[in-house]
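Dumped start38.cif below, it's mmCIF, C-alpha atoms (C1' of nucleotides):
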```cif
data_data
#
loop_
_atom_site.label_atom_id
_atom_site.label_comp_id
_atom_site.auth_asym_id
_atom_site.auth_seq_id
_atom_site.Cartn_x
_atom_site.Cartn_y
_atom_site.Cartn_z
CA MET A 1 157.97 367.48 9.00
CA PRO A 2 159.92 364.55 7.90
CA GLU A 3 161.22 364.78 4.40
CA LEU A 4 164.53 363.31 3.36
CA PRO A 5 166.78 365.65 5.40
CA GLU A 6 164.79 365.09 8.57
CA VAL A 7 164.81 361.30 8.25
CA GLU A 8 168.52 361.44 7.39
CA THR A 9 169.18 363.52 10.51
CA ILE A 10 167.33 361.00 12.67
CA LYS A 11 169.17 358.13 10.99
CA LEU A 12 172.57 359.62 11.82
CA GLY A 13 171.52 360.06 15.43
CA LEU A 14 170.19 356.53 15.80
CA GLN A 15 173.26 355.02 14.16
CA LYS A 16 175.38 356.70 16.79
CA LYS A 17 173.15 355.74 19.71
CA THR A 18 171.41 352.43 19.09
CA ILE A 19 173.56 350.08 17.01
CA GLY A 20 174.53 347.17 19.24
CA LEU A 21 171.72 347.69 21.76
CA THR A 22 169.41 344.79 22.54
CA ILE A 23 165.63 345.32 22.57
CA SER A 24 164.22 344.12 25.86
CA ASN A 25 160.66 345.33 25.51
CA ILE A 26 158.28 347.07 23.09
CA GLU A 27 155.21 348.78 24.45
CA VAL A 28 152.58 349.50 21.80
CA LEU A 29 150.27 352.23 23.05
CA SER A 30 148.51 352.75 19.70
CA PRO A 31 147.91 349.46 17.86
CA LYS A 32 147.34 351.19 14.54
CA SER A 33 150.86 352.60 14.70
CA PHE A 34 152.55 349.19 14.84
CA ILE A 35 152.14 346.43 12.26
CA GLY A 36 153.55 343.03 13.23
CA LYS A 37 154.20 341.09 16.39
CA ALA A 38 156.27 343.19 18.73
CA LYS A 39 157.27 340.09 20.70
CA ASP A 40 159.24 338.80 17.73
CA LEU A 41 161.84 341.49 18.42
CA LYS A 42 162.41 340.73 22.05
CA ASN A 43 166.06 340.16 22.95
CA LYS A 44 167.19 340.96 19.40
CA LYS A 45 170.22 343.15 18.85
CA ILE A 46 170.16 346.18 16.54
CA GLN A 47 172.64 345.71 13.72
CA GLN A 48 172.16 348.61 11.33
CA VAL A 49 170.16 351.80 10.81
CA TRP A 50 169.51 353.07 7.28
CA ARG A 51 167.27 355.28 5.18
CA ARG A 52 165.57 354.94 1.80
CA ALA A 53 163.49 357.91 0.63
CA LYS A 54 161.54 358.99 3.74
CA ILE A 55 161.57 355.49 5.23
CA LEU A 56 163.88 354.64 8.11
CA GLY A 57 165.01 351.05 8.56
CA ILE A 58 166.47 349.30 11.60
CA ASP A 59 167.91 345.84 10.95
CA VAL A 60 167.83 343.47 13.88
CA GLU A 61 169.17 339.99 14.53
CA GLY A 62 167.29 337.16 12.86
CA ARG A 63 167.11 338.82 9.42
CA MET A 64 164.28 341.11 10.46
CA THR A 65 163.88 344.81 9.81
CA LEU A 66 161.81 347.49 11.48
CA LEU A 67 160.53 350.04 8.99
CA PHE A 68 159.39 353.48 10.15
CA HIS A 69 157.42 356.09 8.24
CA LEU A 70 156.95 359.32 10.18
CA LYS A 71 154.43 360.85 7.76
CA MET A 72 153.46 364.36 8.96
CA THR A 73 154.05 364.46 12.69
CA GLY A 74 156.11 361.41 13.64
CA GLN A 75 159.13 361.67 15.91
CA LEU A 76 161.72 359.08 16.89
CA ILE A 77 163.56 360.09 20.02
CA TYR A 78 166.27 358.17 21.80
CA ASN A 79 166.59 358.81 25.50
CA PRO A 80 169.68 357.36 27.15
CA SER A 81 168.36 357.89 30.65
CA THR A 82 166.98 354.91 32.52
CA ARG A 83 164.99 357.19 34.79
CA LEU A 84 162.77 359.07 32.35
CA ARG A 85 160.05 356.56 32.07
CA ALA A 86 156.62 357.17 33.52
CA SER A 87 155.04 360.34 32.17
CA SER A 88 153.48 360.92 35.58
CA ARG A 89 156.94 361.88 36.84
CA PHE A 90 156.64 365.14 34.95
CA ILE A 91 153.17 366.23 35.81
CA GLY A 92 153.48 369.47 37.68
CA GLY A 93 157.09 369.92 36.65
CA HIS A 94 158.42 372.61 34.35
CA PRO A 95 159.98 370.86 31.42
CA THR A 96 161.58 372.83 28.63
CA PRO A 97 159.93 372.59 25.21
CA ASP A 98 162.62 370.19 24.05
CA MET A 99 162.10 367.99 27.08
CA ARG A 100 158.40 367.97 26.45
CA ASP A 101 159.07 366.43 23.05
CA LYS A 102 161.53 364.00 24.50
CA MET A 103 159.65 362.42 27.30
CA PRO A 104 156.81 360.02 26.79
CA ASN A 105 153.80 362.26 26.28
CA SER A 106 150.20 362.05 25.13
CA HIS A 107 151.44 361.50 21.57
CA THR A 108 153.76 358.63 22.39
CA ARG A 109 152.54 355.62 20.40
CA VAL A 110 155.32 353.05 20.87
CA ILE A 111 158.10 352.75 23.47
CA PHE A 112 161.16 350.58 22.86
CA THR A 113 163.17 349.68 25.93
CA PHE A 114 166.73 348.43 25.60
CA SER A 115 168.60 346.08 27.88
CA ASP A 116 170.74 348.93 29.24
CA GLY A 117 167.56 350.67 30.41
CA SER A 118 167.49 353.36 27.72
CA HIS A 119 164.44 354.04 25.55
CA LEU A 120 163.35 354.94 22.04
CA TYR A 121 160.05 356.77 21.76
CA PHE A 122 157.85 356.88 18.66
CA ASN A 123 155.62 359.94 19.04
CA ASP A 124 153.01 360.83 16.44
CA GLN A 125 150.30 363.37 17.06
CA ARG A 126 148.19 362.58 14.00
CA LYS A 127 148.73 358.78 13.93
CA PHE A 128 149.46 358.77 10.20
CA GLY A 129 152.89 357.27 10.75
CA TRP A 130 153.63 353.58 11.17
CA ILE A 131 156.16 351.01 12.23
CA LYS A 132 156.27 347.65 10.44
CA ILE A 133 158.19 344.46 11.05
CA VAL A 134 159.30 342.95 7.75
CA LYS A 135 161.77 340.32 6.59
CA PHE A 136 165.24 341.67 5.85
CA GLY A 137 165.25 343.21 2.37
CA GLU A 138 161.48 343.49 2.03
CA GLY A 139 158.85 346.16 2.46
CA ILE A 140 160.28 349.04 0.42
CA PRO A 141 158.03 349.99 -2.52
CA GLY A 142 159.62 349.13 -5.86
CA THR A 143 158.29 352.31 -7.41
CA LEU A 144 160.56 354.68 -5.54
CA GLY A 145 162.62 356.94 -7.76
CA PRO A 146 166.36 357.56 -7.38
CA GLU A 147 167.95 358.77 -4.17
CA PRO A 148 168.67 362.43 -4.89
CA LEU A 149 171.98 362.56 -3.00
CA THR A 150 173.62 359.70 -4.90
CA LYS A 151 175.24 359.60 -8.31
CA GLU A 152 172.33 357.62 -9.77
CA PHE A 153 170.40 360.92 -9.69
CA SER A 154 171.39 362.76 -12.88
CA TRP A 155 169.59 365.66 -14.48
CA GLN A 156 168.77 363.43 -17.43
CA ILE A 157 167.07 360.87 -15.15
CA LEU A 158 165.16 363.69 -13.51
CA LYS A 159 164.03 364.97 -16.90
CA THR A 160 162.97 361.51 -18.09
CA ASN A 161 160.98 360.82 -14.93
CA LEU A 162 159.38 364.25 -14.83
CA LEU A 163 158.24 363.91 -18.44
CA ARG A 164 155.86 361.16 -17.35
CA HIS A 165 153.83 364.07 -15.96
CA LYS A 166 153.95 366.48 -18.89
CA SER A 167 151.05 368.72 -17.94
CA MET A 168 151.59 368.69 -14.19
CA PRO A 169 152.98 371.74 -12.38
CA VAL A 170 156.67 371.02 -11.86
CA LYS A 171 156.49 371.54 -8.11
CA VAL A 172 153.79 368.88 -7.80
CA ALA A 173 155.72 366.52 -10.06
CA ILE A 174 158.94 366.58 -8.03
CA MET A 175 156.96 365.55 -4.96
CA ASP A 176 156.00 362.31 -6.74
CA GLN A 177 158.20 359.75 -5.00
CA SER A 178 158.61 357.72 -8.19
CA VAL A 179 160.22 360.72 -9.91
CA VAL A 180 162.80 361.36 -7.21
CA SER A 181 162.51 360.02 -3.69
CA GLY A 182 162.49 362.05 -0.51
CA VAL A 183 161.32 365.47 -1.71
CA GLY A 184 158.27 366.77 0.17
CA ASN A 185 156.45 370.06 0.27
CA ILE A 186 159.09 372.19 1.98
CA TYR A 187 162.02 371.16 -0.19
CA ALA A 188 159.94 371.12 -3.39
CA ASN A 189 159.24 374.82 -2.82
CA GLU A 190 162.86 375.58 -1.96
CA ALA A 191 164.19 373.63 -4.96
CA CYS A 192 161.98 375.59 -7.37
CA PHE A 193 163.19 378.84 -5.84
CA ASP A 194 166.82 377.81 -6.16
CA ALA A 195 166.20 376.84 -9.79
CA LYS A 196 164.42 380.17 -10.43
CA ILE A 197 161.43 378.27 -11.81
CA ASP A 198 157.81 379.25 -11.16
CA PRO A 199 156.35 376.23 -9.32
CA LYS A 200 153.21 376.19 -11.46
CA THR A 201 155.16 375.83 -14.72
CA LYS A 202 154.06 372.68 -16.54
CA VAL A 203 156.76 370.06 -16.93
CA LYS A 204 156.44 370.09 -20.74
CA ASP A 205 157.35 373.80 -20.80
CA LEU A 206 160.75 373.31 -19.15
CA ASP A 207 163.92 373.39 -21.24
CA ASP A 208 167.10 371.44 -20.59
CA LEU A 209 168.75 374.31 -18.76
CA GLN A 210 165.81 374.39 -16.37
CA PHE A 211 165.93 370.62 -15.81
CA LYS A 212 169.61 371.04 -14.92
CA LYS A 213 168.87 373.90 -12.54
CA LEU A 214 166.05 371.97 -10.93
CA HIS A 215 168.33 368.98 -10.48
CA SER A 216 170.95 371.06 -8.70
CA GLY A 217 168.24 372.95 -6.78
CA ILE A 218 166.86 369.71 -5.36
CA ILE A 219 170.32 368.58 -4.30
CA LYS A 220 171.19 371.97 -2.82
CA SER A 221 168.01 372.40 -0.79
CA LEU A 222 168.17 368.86 0.60
CA THR A 223 171.85 369.20 1.44
CA ASP A 224 171.25 372.54 3.16
CA GLY A 225 168.37 370.97 5.08
CA ILE A 226 170.66 368.27 6.44
CA ALA A 227 173.34 370.83 7.26
CA HIS A 228 170.85 372.77 9.38
CA GLY A 229 169.62 369.67 11.18
CA GLY A 230 166.32 369.40 9.38
CA SER A 231 163.34 371.69 9.32
CA SER A 232 161.20 372.66 12.22
CA ARG A 233 157.79 374.15 11.63
CA ALA A 234 156.41 372.78 14.84
CA HIS A 235 157.16 369.12 15.17
CA PHE A 236 160.56 368.16 13.92
CA VAL A 237 163.13 367.04 16.45
CA ASP A 238 166.15 364.84 15.86
CA ALA A 239 166.89 361.50 17.51
CA GLU A 240 167.95 363.31 20.67
CA GLY A 241 164.92 365.57 20.79
CA ARG A 242 166.67 368.68 19.45
CA LYS A 243 164.92 371.00 17.04
CA GLY A 244 166.16 371.59 13.50
CA TYR A 245 166.46 375.11 12.15
CA PHE A 246 166.25 374.80 8.39
CA LEU A 247 163.09 376.89 8.20
CA ASP A 248 165.03 379.85 9.54
CA TYR A 249 167.06 379.54 6.35
CA ALA A 250 164.19 378.80 3.94
CA PHE A 251 163.83 381.27 1.08
CA VAL A 252 160.15 380.79 0.35
CA TYR A 253 158.47 378.02 2.37
CA GLY A 254 156.12 379.50 4.94
CA ARG A 255 157.11 383.06 3.97
CA ASP A 256 154.01 384.31 2.15
CA ARG A 257 153.51 388.09 2.41
CA LYS A 258 157.12 388.45 3.53
CA PRO A 259 159.85 390.02 1.38
CA CYS A 260 161.98 387.77 -0.80
CA LYS A 261 165.43 387.38 0.77
CA LYS A 262 167.04 387.92 -2.64
CA CYS A 263 165.05 390.77 -4.22
CA GLY A 264 162.54 392.07 -1.70
CA THR A 265 159.45 391.23 -3.73
CA THR A 266 156.54 389.94 -1.64
CA ILE A 267 156.44 386.13 -1.55
CA GLU A 268 153.15 384.70 -2.81
CA LYS A 269 151.27 381.61 -1.74
CA ILE A 270 149.09 379.51 -4.03
CA ILE A 271 147.65 376.01 -3.84
CA LEU A 272 149.12 373.40 -6.20
CA GLY A 273 148.11 369.77 -6.02
CA GLY A 274 146.25 370.66 -2.86
CA ARG A 275 149.37 371.83 -1.06
CA GLY A 276 150.55 375.26 -0.04
CA SER A 277 153.09 376.51 -2.57
CA TYR A 278 155.30 379.55 -2.09
CA PHE A 279 157.29 381.51 -4.64
CA CYS A 280 158.85 384.84 -5.48
CA PRO A 281 157.11 386.24 -8.56
CA THR A 282 160.24 388.18 -9.49
CA CYS A 283 162.96 385.55 -9.01
CA GLN A 284 160.89 382.65 -10.35
CA GLN A 285 159.49 383.16 -13.86
"C1'" DC B 1 144.81 357.69 -18.31
"C1'" DA B 2 146.00 362.08 -15.95
"C1'" DC B 3 145.09 364.57 -12.43
"C1'" DT B 4 142.42 366.22 -8.24
"C1'" DT B 5 140.06 365.54 -4.03
"C1'" DG B 6 139.06 363.23 0.19
"C1'" DA B 7 140.40 360.44 3.95
"C1'" DC B 8 143.31 359.24 7.57
"C1'" DC B 9 143.85 362.03 12.89
"C1'" DT B 10 144.92 365.69 16.10
"C1'" DG B 11 146.24 370.16 17.12
"C1'" DT B 12 146.98 375.14 16.44
"C1'" DC B 13 146.09 379.50 14.82
"C1'" DC B 14 143.24 383.17 13.00
"C1'" DG B 15 139.14 385.92 12.37
"C1'" DC B 16 134.78 387.09 14.15
"C1'" DT C 1 137.00 383.89 26.07
"C1'" DG C 2 134.66 381.00 22.75
"C1'" DC C 3 133.74 378.96 18.36
"C1'" DG C 4 134.04 377.61 13.70
"C1'" DG C 5 136.99 377.06 9.86
"C1'" DA C 6 141.33 376.66 7.51
"C1'" DC C 7 145.51 374.55 7.52
"C1'" DA C 8 149.70 371.46 8.76
"C1'" DG C 9 155.89 367.87 6.95
"C1'" DG C 10 152.72 362.29 3.52
"C1'" DT C 11 150.49 358.88 1.03
"C1'" DC C 12 146.61 356.10 -0.38
"C1'" DA C 13 142.07 355.30 -2.50
"C1'" DA C 14 138.30 357.07 -4.76
"C1'" DG C 15 136.34 360.37 -7.83
"C1'" DT C 16 136.18 363.37 -12.06
#
```
Would you mind writing the file out in structure tokens?
Amino acid sequence: MPELPEVETIKLGLQKKTIGLTISNIEVLSPKSFIGKAKDLKNKKIQQVWRRAKILGIDVEGRMTLLFHLKMTGQLIYNPSTRLRASSRFIGGHPTPDMRDKMPNSHTRVIFTFSDGSHLYFNDQRKFGWIKIVKFGEGIPGTLGPEPLTKEFSWQILKTNLLRHKSMPVKVAIMDQSVVSGVGNIYANEACFDAKIDPKTKVKDLDDLQFKKLHSGIIKSLTDGIAHGGSSRAHFVDAEGRKGYFLDYAFVYGRDRKPCKKCGTTIEKIILGGRGSYFCPTCQQ
DNA sequence: CACTTGACCTGTCCGC
DNA sequence: TGCGGACAGGTCAAGT
């Protein structure tokens, strides 16, 4: 679920809702999901919420930062209500699907409670995700490539970084976070489609025009993803528990055996780098 | 060294 | 209806 557009969507929501709130309690239901001493954050005020690659950061008083990585199935949901608390309240009720994501559920791993009584839930079905307490300014890997939605990300930088993986399929290479940060499987597929490049093309076989198209394809697919509130295969919800709808707009991801939205050719699915990869054999050559 | 596979976990969906 | 297997947004470590 969470690639750059999804984490960005959550960031925007949390900036709006949580800056200035004071943490009054942290309940860690799954110890493996939380690294650090939760007590250190008690009575600390949230100062800033930011994103780098797919990592979300929350700066708190005392020069500490909470880092979140949602991996495959993580969710971060802010609930302003002081009443939605014990999951037992909902047993036997008829919650909507969105509510089911929102409330504490069997996948809730960490619950933050704020001094105004509101809550932030970290839900994560597969427990791959994590929360870490680090010192301000620490904890982000130094190997991360450029942020694709800033001016530091030029097509020349993309070309230089990709050429470290000359014989790799281009779609696999753009998922390497040291090449460009934040692109995951969904947007890698969409970016290749937008660039009209077959995802299995080796990096060394691309020409400059294709590097330029790939560069703009990455930016376009990520930007569209944010505009549609992120993707939603099954798990993604924003900071208020709402689903994103980018996949309704996807050209190739998840559309194998369906007709290409541009030319009608049947979309194919292959495995590249161990991941499902989708492309239109007519549009992408 | 470059690249692929397996592991981490849990759930869902599909075919038989 | 049940059951086994494949697969799922990410990233490491281990293996080839």
What are the closest atom pairs, with distances in Å to one decimal, for all residues of chain A lying within 9 Å of chain C? Consider all atoms listed in the file, order rows by chain and residue number, and present the result as a tab-separated table.
```
residue	atom	partner	partner_atom	distance
A:Met1	CA	C:DG9	C1'	2.9
A:Pro2	CA	C:DG9	C1'	5.3
A:Glu3	CA	C:DG9	C1'	6.7
A:Leu70	CA	C:DG10	C1'	8.4
A:Lys71	CA	C:DG10	C1'	4.8
A:Met72	CA	C:DG9	C1'	4.7
A:Thr73	CA	C:DG9	C1'	6.9
A:Phe128	CA	C:DG10	C1'	8.2
A:Gly129	CA	C:DG10	C1'	8.8
A:Gly184	CA	C:DG9	C1'	7.3
A:Asn185	CA	C:DG9	C1'	7.1
A:Ile186	CA	C:DG9	C1'	7.3
A:Ser231	CA	C:DG9	C1'	8.7
A:Ser232	CA	C:DG9	C1'	8.9
A:Arg233	CA	C:DG9	C1'	8.1
A:His235	CA	C:DG9	C1'	8.4
A:Phe236	CA	C:DG9	C1'	8.4
```
Task: Evaluate the PyMOL selection byres ((chain B) within 7 of (chain A)) and report residues as JSON, numbers by chain - done: {"B": [8, 9, 10]}
Problem set entry | Who sits within 12 Å of Asn161 in chain A, only C-alpha atoms (C1' of nucleotides), same chain under 4 positions skipped, as an MDAnalysis selection string | chainID A and resid 143:146 153:157 165:166 170 173:181 203:204 211 215
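Computed from the coordinates, the CA of Lys196 in chain A to CA of Ser221 in chain A distance equals 12.9 Å.
Taking CA of Ala38 in chain A and CA of Arg242 in chain A as the two end points, the separation is 27.5 Å.
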The distance between CA of Gly57 in chain A and CA of Thr150 in chain A is 18.2 Å
Might you spell out which residues the PyMOL selection byres ((chain A and resi 15-32) around 7) would select in the displayed file, as an mmCIF file with C-alpha atoms, in the coordinates of the input?
```cif
data_model
loop_
_atom_site.group_PDB
_atom_site.id
_atom_site.type_symbol
_atom_site.label_atom_id
_atom_site.label_comp_id
_atom_site.auth_asym_id
_atom_site.auth_seq_id
_atom_site.Cartn_x
_atom_site.Cartn_y
_atom_site.Cartn_z
ATOM 1 C CA LYS A 11 169.170 358.130 10.990
ATOM 2 C CA LEU A 12 172.570 359.620 11.820
ATOM 3 C CA GLY A 13 171.520 360.060 15.430
ATOM 4 C CA LEU A 14 170.190 356.530 15.800
ATOM 5 C CA SER A 33 150.860 352.600 14.700
ATOM 6 C CA PHE A 34 152.550 349.190 14.840
ATOM 7 C CA ALA A 38 156.270 343.190 18.730
ATOM 8 C CA LEU A 41 161.840 341.490 18.420
ATOM 9 C CA LYS A 42 162.410 340.730 22.050
ATOM 10 C CA ASN A 43 166.060 340.160 22.950
ATOM 11 C CA LYS A 44 167.190 340.960 19.400
ATOM 12 C CA LYS A 45 170.220 343.150 18.850
ATOM 13 C CA ILE A 46 170.160 346.180 16.540
ATOM 14 C CA GLN A 47 172.640 345.710 13.720
ATOM 15 C CA GLN A 48 172.160 348.610 11.330
ATOM 16 C CA VAL A 49 170.160 351.800 10.810
ATOM 17 C CA ARG A 109 152.540 355.620 20.400
ATOM 18 C CA VAL A 110 155.320 353.050 20.870
ATOM 19 C CA ILE A 111 158.100 352.750 23.470
ATOM 20 C CA PHE A 112 161.160 350.580 22.860
ATOM 21 C CA THR A 113 163.170 349.680 25.930
ATOM 22 C CA PHE A 114 166.730 348.430 25.600
ATOM 23 C CA SER A 115 168.600 346.080 27.880
#
```
What residues come out when you apply the PyMOL selection byres ((chain A and resi 198) around 6) to this file, written as a PDB file with C-alpha atoms, in the frame of the given file?
```
ATOM      1  CA  ILE A 197     161.430 378.270 -11.810  1.00  0.00           C
ATOM      2  CA  PRO A 199     156.350 376.230  -9.320  1.00  0.00           C
ATOM      3  CA  LYS A 200     153.210 376.190 -11.460  1.00  0.00           C
ATOM      4  CA  THR A 201     155.160 375.830 -14.720  1.00  0.00           C
ATOM      5  CA  GLN A 284     160.890 382.650 -10.350  1.00  0.00           C
ATOM      6  CA  GLN A 285     159.490 383.160 -13.860  1.00  0.00           C
TER       7      GLN A 285
END
```
Q: Do a neighbour search on His69 in chain A at 7 Å with all atoms listed in the file, toss out local chain neighbours closer than 4 positions, and write the hits as a ChimeraX atom specification.
A: /A:54-56,129-131
